[in-house]
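Trainee: You'll find final-v7.cif just under this line, and it carries mmCIF, C-alpha atoms.
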```cif
data_input
loop_
_atom_site.label_atom_id
_atom_site.label_comp_id
_atom_site.auth_asym_id
_atom_site.auth_seq_id
_atom_site.Cartn_x
_atom_site.Cartn_y
_atom_site.Cartn_z
CA MET A 172 23.59 28.01 67.35
CA THR A 173 26.05 25.21 66.85
CA ASP A 174 29.49 25.71 65.38
CA ASP A 175 28.50 23.94 62.15
CA VAL A 176 25.46 26.16 61.62
CA ARG A 177 27.49 29.26 62.44
CA ASN A 178 30.16 28.27 59.92
CA ILE A 179 27.51 27.70 57.23
CA VAL A 180 25.93 31.11 57.92
CA LEU A 181 29.29 32.85 57.86
CA GLY A 182 30.16 31.06 54.61
CA VAL A 183 26.91 32.18 53.00
CA ILE A 184 27.48 35.77 54.15
CA ALA A 185 31.08 35.74 52.84
CA ALA A 186 29.93 34.34 49.50
CA GLY A 187 27.26 37.02 49.26
CA ILE A 188 29.74 39.79 50.01
CA SER A 189 32.20 38.41 47.44
CA ALA A 190 29.48 38.17 44.81
CA SER A 191 28.35 41.73 45.53
CA LEU A 192 31.88 43.10 45.33
CA GLY A 193 32.43 41.23 42.08
CA TRP A 194 29.20 42.63 40.62
CA ILE A 195 30.14 46.16 41.67
CA ALA A 196 33.61 45.80 40.13
CA ARG A 197 32.22 44.44 36.86
CA THR A 198 29.62 47.21 36.73
CA CYS A 199 32.27 49.90 37.28
CA LEU A 200 34.48 48.41 34.56
CA TRP A 201 31.53 48.18 32.17
CA ARG A 202 30.55 51.79 32.81
CA ARG A 203 34.12 52.97 32.36
CA LYS A 204 34.40 51.05 29.10
CA LEU A 205 31.07 52.47 27.93
CA ARG A 206 32.14 56.05 28.72
CA ARG A 207 35.35 55.60 26.73
CA LYS A 208 33.39 54.19 23.80
CA GLN A 209 30.87 57.03 23.94
CA ALA A 210 33.68 59.60 24.06
CA PHE A 211 35.48 58.08 21.08
CA PHE A 212 32.35 58.05 18.94
CA GLY A 213 31.02 61.33 20.30
CA LEU A 214 27.82 59.56 21.35
CA PRO A 215 26.75 60.25 24.93
CA GLY A 216 23.62 58.45 26.13
CA ASN A 217 20.41 59.33 24.26
CA SER A 218 22.28 61.49 21.76
CA GLU A 219 21.52 61.50 18.04
CA CYS A 220 23.80 60.91 15.08
CA LEU A 221 23.62 60.73 11.31
CA LEU A 222 24.18 57.75 9.05
CA VAL A 223 24.73 59.23 5.59
CA VAL A 224 24.33 56.59 2.91
CA ASN A 225 25.33 56.71 -0.72
CA ARG A 226 23.54 55.36 -3.75
CA ASP A 227 24.71 52.46 -5.88
CA ALA A 228 26.94 53.75 -8.66
CA SER A 229 24.76 51.86 -11.17
CA GLY A 230 22.39 54.82 -11.00
CA ASP A 231 19.17 52.93 -10.19
CA GLY A 232 18.76 54.74 -6.86
CA SER A 233 19.29 51.66 -4.70
CA VAL A 234 21.79 51.14 -1.87
CA HIS A 235 24.38 48.45 -2.51
CA ARG A 236 23.95 45.44 -0.24
CA HIS A 237 27.48 45.78 1.15
CA ASP A 238 26.72 49.37 2.10
CA VAL A 239 23.57 48.13 3.86
CA PHE A 240 25.76 45.68 5.79
CA ALA A 241 28.08 48.57 6.69
CA LEU A 242 25.11 50.50 8.07
CA LEU A 243 24.12 47.48 10.15
CA GLU A 244 27.64 47.26 11.61
CA LEU A 245 27.52 50.95 12.51
CA SER A 246 23.98 50.73 13.89
CA ALA A 247 25.15 48.10 16.38
CA LEU A 248 27.94 50.41 17.59
CA ILE A 249 25.49 53.28 17.96
CA LYS A 250 23.04 51.12 19.91
CA ASP A 251 25.84 49.98 22.23
CA CYS A 252 26.44 53.64 23.08
CA SER A 253 22.73 54.09 23.95
CA ALA A 254 22.43 56.60 21.13
CA HIS A 255 20.02 56.97 18.22
CA ALA A 256 20.67 57.17 14.49
CA GLN A 257 18.95 59.00 11.67
CA ILE A 258 19.61 57.54 8.22
CA LEU A 259 19.78 60.10 5.40
CA SER A 260 20.60 59.87 1.73
CA HIS A 261 23.73 61.77 0.75
CA ASP A 262 21.81 64.20 -1.42
CA ILE A 263 19.49 65.41 1.35
CA ALA A 264 21.94 65.45 4.29
CA GLN A 265 22.39 69.17 4.78
CA GLN A 266 23.94 70.20 8.07
CA GLY A 267 27.24 71.55 9.30
CA ILE A 268 30.14 69.52 10.58
CA GLY A 269 30.34 68.84 14.31
CA GLU A 270 26.71 69.38 15.27
CA ARG A 271 26.07 65.65 15.51
CA THR A 272 28.30 62.64 15.10
CA GLU A 273 28.21 61.55 11.49
CA PHE A 274 29.03 58.26 9.78
CA CYS A 275 29.41 58.83 6.04
CA VAL A 276 29.57 55.76 3.79
CA GLY A 277 30.62 55.54 0.15
CA GLY A 278 33.01 57.05 -2.37
CA PRO A 279 32.73 60.54 -3.85
CA VAL A 280 31.07 59.31 -7.05
CA SER A 281 28.04 57.85 -5.27
CA ASN A 282 28.09 60.10 -2.19
CA ARG A 283 27.98 63.84 -2.72
CA ARG A 284 28.58 64.56 0.96
CA MET A 285 31.68 62.35 0.97
CA ALA A 286 33.03 64.39 -1.92
CA ALA A 287 32.49 67.56 0.13
CA HIS A 288 34.19 66.07 3.20
CA LEU A 289 37.23 64.99 1.19
CA HIS A 290 37.52 68.40 -0.42
CA SER A 291 37.27 70.38 2.83
CA LEU A 292 38.75 68.02 5.43
CA LEU A 293 41.09 65.67 3.55
CA PRO A 294 42.42 67.65 0.58
CA GLY A 295 45.35 65.27 0.22
CA VAL A 296 43.04 62.38 -0.71
CA LYS A 297 42.11 62.33 -4.37
CA VAL A 298 39.90 59.69 -5.96
CA ASN A 299 39.93 59.08 -9.71
CA THR A 300 36.27 59.47 -10.67
CA ASP A 301 36.75 58.96 -14.40
CA PRO A 302 33.83 56.77 -15.59
CA GLU A 303 35.88 55.32 -18.44
CA PRO A 304 37.52 51.92 -17.81
CA GLY A 305 41.24 52.04 -17.18
CA PRO A 306 43.94 51.07 -14.67
CA ASP A 307 43.48 54.26 -12.67
CA ARG A 308 39.71 54.14 -12.39
CA ASN A 309 38.74 54.57 -8.69
CA ALA A 310 42.44 54.80 -7.77
CA PHE A 311 43.40 56.74 -4.65
CA GLN A 312 46.12 59.33 -4.63
CA ILE A 313 47.23 60.22 -1.11
CA GLY A 314 50.05 62.66 -1.02
CA SER A 315 52.37 61.56 -3.81
CA GLU A 316 51.36 57.89 -3.70
CA ARG A 317 48.74 56.23 -5.90
CA TYR A 318 46.82 53.08 -4.97
CA ARG A 319 45.02 51.25 -7.76
CA VAL A 320 42.16 48.78 -7.55
CA GLU A 321 42.62 45.11 -8.32
CA LYS A 322 39.00 44.10 -8.01
CA GLY A 323 38.39 41.09 -5.79
CA VAL A 324 42.11 40.75 -5.04
CA ALA A 325 43.25 43.95 -3.34
CA GLU A 326 41.11 47.04 -2.81
CA TYR A 327 41.66 50.11 -0.66
CA VAL A 328 39.46 52.09 1.71
CA VAL A 329 40.01 55.24 3.76
CA LEU A 330 38.79 55.10 7.35
CA ALA A 331 38.91 58.49 9.04
CA ARG A 332 37.78 60.13 12.26
CA LEU A 333 37.69 63.90 11.80
CA THR A 334 36.93 66.77 14.16
CA THR A 335 36.77 70.49 13.52
CA GLY A 336 37.00 71.83 17.07
CA GLN A 337 37.30 70.96 20.74
CA ASP A 338 33.57 70.57 21.36
CA ALA A 339 32.63 69.38 17.87
CA ARG A 340 31.25 65.89 17.33
CA PRO A 341 33.37 63.67 15.05
CA VAL A 342 32.74 62.71 11.46
CA PHE A 343 33.65 59.14 10.49
CA LEU A 344 34.38 58.48 6.82
CA PHE A 345 34.25 55.09 5.10
CA CYS A 346 35.47 55.88 1.59
CA GLY A 347 36.21 52.71 -0.36
CA GLN A 348 37.08 51.81 -3.91
CA GLN A 349 34.33 49.15 -3.91
CA ALA A 350 31.18 48.77 -1.81
CA ILE A 351 32.59 45.73 -0.02
CA THR A 352 35.49 47.84 1.25
CA ASN A 353 33.04 50.18 2.99
CA GLN A 354 31.69 47.19 4.89
CA ALA A 355 35.23 46.04 5.63
CA ALA A 356 36.12 49.44 7.09
CA SER A 357 33.02 49.53 9.29
CA ARG A 358 33.81 46.04 10.55
CA TYR A 359 37.42 47.03 11.18
CA LEU A 360 36.22 49.99 13.24
CA ALA A 361 33.82 47.80 15.22
CA ARG A 362 36.59 45.33 16.03
CA ASN A 363 39.36 47.82 16.73
CA HIS A 364 37.71 50.92 18.19
CA GLU A 365 39.21 50.32 21.64
CA LYS A 366 42.73 50.11 20.23
CA LEU A 367 42.11 53.18 18.05
CA ALA A 368 40.76 55.11 21.05
CA ARG A 369 43.85 54.26 23.11
CA LYS A 370 46.15 55.36 20.31
CA HIS A 371 44.37 58.44 18.99
CA GLY A 372 42.06 59.51 21.81
CA ASP A 373 39.59 62.09 20.56
CA SER A 374 41.90 63.46 17.87
CA THR A 375 41.67 63.28 14.09
CA PHE A 376 43.13 60.31 12.25
CA CYS A 377 43.01 58.93 8.72
CA LEU A 378 43.93 55.32 8.00
CA LEU A 379 44.43 53.56 4.69
CA LEU A 380 43.25 49.96 4.78
CA LYS A 381 43.63 47.22 2.19
CA VAL A 382 40.97 44.54 1.77
CA ILE A 383 42.65 41.35 0.65
CA ASN A 384 41.07 38.77 -1.65
CA SER A 385 37.49 39.89 -1.08
CA GLN A 386 36.27 37.47 -3.75
CA ALA A 387 37.20 34.63 -1.40
CA TYR A 388 37.15 36.17 2.09
CA GLY A 389 34.58 38.93 1.75
CA PRO A 390 35.18 41.94 4.05
CA ASP A 391 36.98 39.99 6.78
CA VAL A 392 40.67 40.12 5.79
CA VAL A 393 41.84 43.70 6.23
CA GLU A 394 45.38 45.02 6.46
CA LEU A 395 46.39 48.41 7.82
CA VAL A 396 48.56 49.96 5.12
CA ALA A 397 49.46 53.19 6.88
CA ASP A 398 48.34 56.07 9.05
CA VAL A 399 48.08 58.74 6.34
CA THR A 400 46.70 61.55 8.50
CA ARG A 401 49.37 64.11 7.68
CA ALA A 402 49.42 63.41 3.93
CA ALA A 403 45.62 63.34 3.78
CA GLN A 404 45.33 66.77 5.38
CA THR A 405 47.89 68.33 3.04
CA PRO A 406 46.83 69.25 -0.51
CA ALA A 407 48.26 66.62 -2.84
CA PRO A 408 51.25 67.49 -5.03
CA ALA A 409 51.62 66.26 -8.59
CA PRO A 410 51.77 62.41 -8.64
CA ARG A 411 55.18 60.77 -8.83
CA ASN A 412 54.82 57.10 -7.92
CA SER A 413 52.22 54.54 -8.92
CA HIS A 414 51.56 51.32 -6.98
CA ARG A 415 49.65 48.34 -8.24
CA ALA A 416 47.67 46.54 -5.56
CA THR A 417 49.09 43.19 -4.56
CA GLY A 418 47.39 40.37 -2.76
#
```
Go through the file and emit its structure as structure tokens.
Mentor:
Amino acid sequence: MTDDVRNIVLGVIAAGISASLGWIARTCLWRRKLRRKQAFFGLPGNSECLLVVNRDASGDGSVHRHDVFALLELSALIKDCSAHAQILSHDIAQQGIGERTEFCVGGPVSNRRMAAHLHSLLPGVKVNTDPEPGPDRNAFQIGSERYRVEKGVAEYVVLARLTTGQDARPVFLFCGQQAITNQAASRYLARNHEKLARKHGDSTFCLLLKVINSQAYGPDVVELVADVTRAAQTPAPAPRNSHRATG
């Protein structure tokens, strides 16, 4: 074997070893990332979860298109975790908390299960469910602060990850003032779950998000208003301050 041939063979072998090491490193990083994602969502491989969907507040029994889009966003996350989802209407979803990971979409008016979760898990979050038009319709009260809707300009949504015990699966809540805010919260979670996992780990958190100018930007422009976990878990006192939404 000449020196040139030997050098070519050695080069090919070195390239093969480098490629193999690179593939192994990428595979290890991918698996580590997947395990962290599965832990955050409580979705180990081949596990099952619930997607609890509301009904359009119009009362015709349909699901609002923005809530359908929210379900699609969440379905992609579930698929990435190699898990499986069961979609149930809010009025037939009857199981305890923590048995399976749950994604609950919609406000308490259109989602009976959301109303139950807010009452038992987030007593500091109150939603004005008065059907009569007025400035406080659909407004949030969290602690002593009130957040009103300015439709199409500034709307709020609660995004929460809740657990009831060490081995319990989490419940994710997407409770918005308008259907488009539910989609915005699901998209926010899809884009920021790694950052949220680093910050909160597997603990409970409750975030208040503001969707800005949805009439122009849809669900894409979202601002984190505050981490309201402590206030949301404490029964709300009598309201003192009132905030109008601003764009």
Trainee: Decode the PyMOL selection byres ((chain A and resi 331) around 9) for the given file into explicit residues and return them as a PyMOL selection string.
Mentor: chain A and resi 329-330+332-333+342-346+375-379+400
Trainee: So, with all atoms listed in the file as the atoms that count, which of A:Pro390, A:Pro304, A:Gly372, A:Pro341 lies closest to Tyr359 of chain A?
Mentor: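 Nearest candidate to Tyr359 of chain A out of A:Pro390, A:Pro304, A:Gly372, A:Pro341: A:Pro390.
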Trainee: Figure out the distance between atom CA of Gln257 of chain A and atom CA of Gly216 of chain A, please, to one decimal in Å.
Mentor: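 Computed distance, atom CA of Gly216 of chain A to atom CA of Gln257 of chain A, equals 15.2 Å.
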Trainee: Choose the residue, out of A:Arg207, A:Arg236, A:His371, A:His288, that has the smallest atom-to-atom separation from Ala350 of chain A; count all atoms listed in the file.
Mentor: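 Among the listed residues, the smallest separation from Ala350 of chain A belongs to A:Arg236.
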Trainee: Measuring atom to atom with all atoms listed in the file, identify which of A:Val296, A:Ala310, A:Ile351, A:Ala339 is nearest to Asn384 of chain A.
Mentor: A:Ile351
Trainee: Evaluated on this file, the PyMOL selection byres ((chain A and resi 270) around 9) picks out some residues - which ones are they, written as a list in words?
Mentor: Cys220, Gln266, Gly267, Ile268, Gly269, Arg271, Thr272, Glu273, Ala339, Arg340 and Pro341 of chain A
Trainee: Please, which residues are within 10 Å of (16.2, 51.0, 14.4) by the file's coordinates, counting all atoms listed in the file, and could they come as a ChimeraX atom specification?
Mentor: /A:243,246-247,250,255-258
Trainee: For the structure shown, which residues end up in the PyMOL selection byres ((chain A and resi 391) around 12)? Put them as a PDB file with C-alpha atoms, in the frame of the given file, please?
Mentor:
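Result saved to out35.pdb:
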```pdb
ATOM      1  CA  ILE A 351      32.590  45.730  -0.020  1.00  0.00           C
ATOM      2  CA  THR A 352      35.490  47.840   1.250  1.00  0.00           C
ATOM      3  CA  ASN A 353      33.040  50.180   2.990  1.00  0.00           C
ATOM      4  CA  GLN A 354      31.690  47.190   4.890  1.00  0.00           C
ATOM      5  CA  ALA A 355      35.230  46.040   5.630  1.00  0.00           C
ATOM      6  CA  ALA A 356      36.120  49.440   7.090  1.00  0.00           C
ATOM      7  CA  SER A 357      33.020  49.530   9.290  1.00  0.00           C
ATOM      8  CA  ARG A 358      33.810  46.040  10.550  1.00  0.00           C
ATOM      9  CA  TYR A 359      37.420  47.030  11.180  1.00  0.00           C
ATOM     10  CA  LEU A 360      36.220  49.990  13.240  1.00  0.00           C
ATOM     11  CA  ALA A 361      33.820  47.800  15.220  1.00  0.00           C
ATOM     12  CA  ARG A 362      36.590  45.330  16.030  1.00  0.00           C
ATOM     13  CA  LEU A 380      43.250  49.960   4.780  1.00  0.00           C
ATOM     14  CA  LYS A 381      43.630  47.220   2.190  1.00  0.00           C
ATOM     15  CA  VAL A 382      40.970  44.540   1.770  1.00  0.00           C
ATOM     16  CA  ILE A 383      42.650  41.350   0.650  1.00  0.00           C
ATOM     17  CA  ASN A 384      41.070  38.770  -1.650  1.00  0.00           C
ATOM     18  CA  SER A 385      37.490  39.890  -1.080  1.00  0.00           C
ATOM     19  CA  GLN A 386      36.270  37.470  -3.750  1.00  0.00           C
ATOM     20  CA  ALA A 387      37.200  34.630  -1.400  1.00  0.00           C
ATOM     21  CA  TYR A 388      37.150  36.170   2.090  1.00  0.00           C
ATOM     22  CA  GLY A 389      34.580  38.930   1.750  1.00  0.00           C
ATOM     23  CA  PRO A 390      35.180  41.940   4.050  1.00  0.00           C
ATOM     24  CA  VAL A 392      40.670  40.120   5.790  1.00  0.00           C
ATOM     25  CA  VAL A 393      41.840  43.700   6.230  1.00  0.00           C
ATOM     26  CA  GLU A 394      45.380  45.020   6.460  1.00  0.00           C
TER      27      GLU A 394
END
```
Trainee: Between A:Leu293, A:Leu259, A:Leu367, A:Val320, which one has atoms that come closest to Val399 of chain A, using all atoms listed in the file?
Mentor: A:Leu293
